[in-house]
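In what follows, a single structure is set out as structure tokens and then discussed.
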Amino acid sequence: MATGAIARPTHHPRHYTGILEWVLTTDHKKIGIMYLLFTIFFMLIGGILALLVRTQLVWSNTEVFSKDAYNQFFTMHASTMLFLFVIPVGAGFGNYLLPLMIGAKDMAYPRINALSLWLIPLAAIFMFSSFFVEGGAAKSGWTEYAPMTLRTFSPGHGTDLWILGVQILGISSVGGGINFLVTTMTMRAPGMTPARMPIFVWMIVVTSVLVVFATPVLASVLTMLFFDRNLGTHFFDPREGGNPLLYQQLFWFYSHPAVYIMILPAMGIVSEVLPVFSRKPLFGYKAVAYAGAAIGILGFCVWMHHMFATGLSIPLTTVTMFTTMMIAVPSGVKMFNWLGTMWYGSLVFKTPMYFAIGFLFLFLIGGVDGVFHAVVPVDYAINDTYWVVSHIHYVLFGGAVFGVFAGIYYWFPKMTGKFLDETLGKTHFWLMFVGMNLAFMPMHVLGLMGMPRRIATYESGHGWEWWNLVSTVGAFIIAVSLLFFLYNFFKTLASAPKTAGDDPWEGNTLEWMTTSPPPEHNFDSLPPVHSERPAFDARAGRMSYRPGAAAH
Amino acid sequence: MTTHAAVAHGHAPDGAAHEHAQGMSRGMAGMVFFIASEIMLFGGLFAGYFYIVNQADTWPPEGIEHTPGTAVGALLTVVLITSGLLGHAGIVALRSGTYGFVLQTGSRKGLILGISLAILLGTIFIAGQAYEWLTLFDEGLTAKSGVYGSTFYILTGFHGAHVIAGLAMLWVVLVRALWGDFTPRRHLFADAAMLYWHFVDVVWVLLFVIIYLVNK
């Protein structure tokens with residue numbers, strides 16, 4: 001019966017070679033890798049746009065770009081980062097890892113999976129081509145609030161292309177979400193009960209539920225916006241009986257759960273990395289899983305906290321305030337469990353662990369300054385200031401991006417058989433960590449000093465200059481850190497030897513029980529699954545497994 | 001051990017990743033989640049409708065003279081529900097070899113008959129809706145003529161598009177049945193298509209109630 005040593009497959013059924021092997025593939029691993037490559041490419045583009053934004057704001061009265069161009073840059077920076085990077089990158093990890101982790105051969109619908117992948121570059125073409133149409137790209141912020149996005153204020157087709165791009169991405173992620181859910185429901189290996197699934201799988205499942213139930217609402221509201229702009233309907237036009245607040249209600253019904261679509265996969269990654277590099281089981285496995293589910297459910301109850309300043313009724317704001325603050329509870333549970341995992345662990349300080357600990361530190365700050373927003377009177381004061389910008393970057397850059405890099409350094413040996421360079425990786429981490437705090441911590445101060453977000457330039461005399469300078473320097477340090485990553489990535493792919501072996505980190509989950517990289521069908525045979533750490537059990541020789549005998 | 005059954009299940013002789021579903025079949029599970037996402041799509045549109053109606057002084061707003069006729073809506077409702085029932089009877093016929101209480105014919109014939117009638121009535125529904133839209137256009141109610149028209153056309157239009165998608169699925173069922181696909185034990189695609197067709201039915205009933213009945 002199966003043990004830790006799995007026979008290597010003797011042949012690969014290969015129908016295409018060269019580039020076609022990748023373009024026409026329905027193998028979840030190749031699709032997952034392409035997801036990651038596409039999304040990291042878009043992260044770099046979004047990063048360049050961020051540098052343009054920070055350049056403009058470096059000092060008072062700086063006008064490197066026109067205000068119109070600036071508005072396009074910050075809108076497309078956020079749209080690119082959210083829709084083309086953070087959301088699909090979670091699906092990328094999910095695609096590569098979820099079937100491996102549950103012991104399946106592939107996703108439930110491999111061809112729909114390929115479709116979900118290829119819709120992403122298609123959507124990117126729509127979104128980025130808008131820079132070249134008359135009137136330029138979308139420029140009303142990534143939220144694209146009506147009425148700023150109605151024909152009157154946003155003529156030209158930039159906004160239309162933005163809507164089409166986001167709609168295509170919506171189809172892609174709903175297809176992906178259904179695929180993950182059905183795969184997890186129907187294709188788990190024998191013994192892989194829900195209570196033994198890796199936390200990463202749990203988090204992808206919760207994310208997928210959010211995707212399937214929230215994204216269609218975004219599709220409905222963006223369709224209304226598209227019709228208002230192009231067919232002359234009046235959903236958001238108050239002169240004809242419509243209401244711009246309807247846009248915000250429906251938009252945030254999607255976009256608040258979407259925040260958890262962005263962060264839950266990163267939480268899943270960190271929950272896999274920390275136990276392995278602490279040489280301990282995850283502390284409170286069930287609590288982490290339930291907390292993830294609780295975050296998913298509460299995520300649907302809090303969208304109106306984005307609209308406190310629009311004049312909702314007092315009961316509505318009060319209820320939303322409490323549900324919002326409740327989200328801090330499961331998040332705190334998770335934080336407690338991650339720290340408990342490290343407590344008295346034999347910590348191994350490899351690059352993935354650095355990024356995972358960085359995640360804990362930065363996500364904590366992002367979580368705490370988020371609670372300020374939840375409190376209605378405070379929110380009135382800091383609404384639409386740089387405090388908001390700081391909060392979202394601590395959560396999604398400090399949180400999601402650090403989680404993503406923890407995952408990249410952690411699973412790179414599984415995907416390629418090669419280790420990324422540790423020195424370069426740690427340099428990447430420290431530069432990114434320092435740059436991130438330099439870039440976004442001053443924004444808290446700027447927010448408290450009253451600097452509004454989404455302004456193209458500002459007058460002197462507010463005392464904002466030095467903080468903005470620090471922030472811009474931080475942004476460029478982040479850019480430099482990414483150069484270290486890219487150099488490391490390409491150098492390793494080109495010239496590093498395949499020294500990783502099957503299980504370089506002594507992992508817990510099933511993906512470490514196959515070759516690096518895994519064969520097309522993933523596994524020749526699997527160890528029996530008796531706990532949430534089957535690979536650990538197998539390696540530790542706890543194979544009291546006899547065919548036909550009951551397990552104890 | 002809390003999960004004896006699952007552990008015993010793990011003692012499959014090959015131990016390899018197995019293909020077969022725990023519980024619902026893979027195809028049906030996919031359709032259920034797809035319909036869930038579609039429910040949320042309509043949920044967004046319905047929520048928008050209620051939001052706008054709720055903050056309007058009167059509904060239909062003043063100045064709207066022509067509204068969709070209840071009789072037409074009721075007729076369309078009967079047509080679509082009948083279509084769903086006949087199509088479903090076709091599936092029942094395939095499974096049990098009888099066609100409801102009426103025909104004791106061979107199972108696949110029953111399926112073909114039921115699906116054909118469902119397609120026919122669905123097509124009549126679309127034709128009826130097109131006729132209604134054209135009539136309302138002539139009377140001056142368009143999507144541009146105020147938010148009342150906007151909500152009416154987006155709700156019925158989205159529904160119509162879903163009816164057309166459902167008809168496409170039913171056509172695939174019909175063609176495959178004519179080719180000789182589907183047996184009393186293997187009819188997943190027919191089941192999934194019929195589930196979708198029922199979903200389209202249910203959405204229409206809700207639409208009929210809120211658009212044609214409640215606001216009169």
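Labels used: A, B, ... for chains in the order of the structure tokens, numbers from 1 for residues in each chain, and numbers from 1 for ligands as shown.
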| message | Residues near Ser172 (chain A), anyone? I mean within 9 Å using only C-alpha atoms, not counting same-chain ones fewer than 6 positions away, as a list in words. | response | Pro88, Ile112, Asn113, Leu115, Ser116, Leu117, Trp118, Leu119 and Ile120 of chain A
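The environment of Leu141 (chain B) within 10 Å, counting only C-alpha atoms and disregarding residues fewer than 2 places along the same chain, consists of B:Ile64, B:Glu65, B:His66, B:Thr67, B:Pro68, B:Trp133, B:Leu134, B:Thr135, B:Leu136, B:Phe137, B:Asp138, B:Glu139, B:Ala143, B:Lys144, B:Ser145, B:Gly146, B:Tyr148, B:Gly149, B:Ser150, B:Phe152, B:Tyr153.
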| said: I'd like the neighbourhood of Gln55 (chain B) as a ChimeraX atom specification, where a residue qualifies if any of its atoms comes within 10 Å (using only C-alpha atoms), though same-chain residues fewer than 6 positions away should be ignored. | reply: /A:241-243
| Please, what distance in Å, to one decimal, runs between CA of Leu76 (chain B) and CA of Gly110 (chain B)? |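 Atom-to-atom, CA of Leu76 (chain B) to CA of Gly110 (chain B), that is 24.7 Å.
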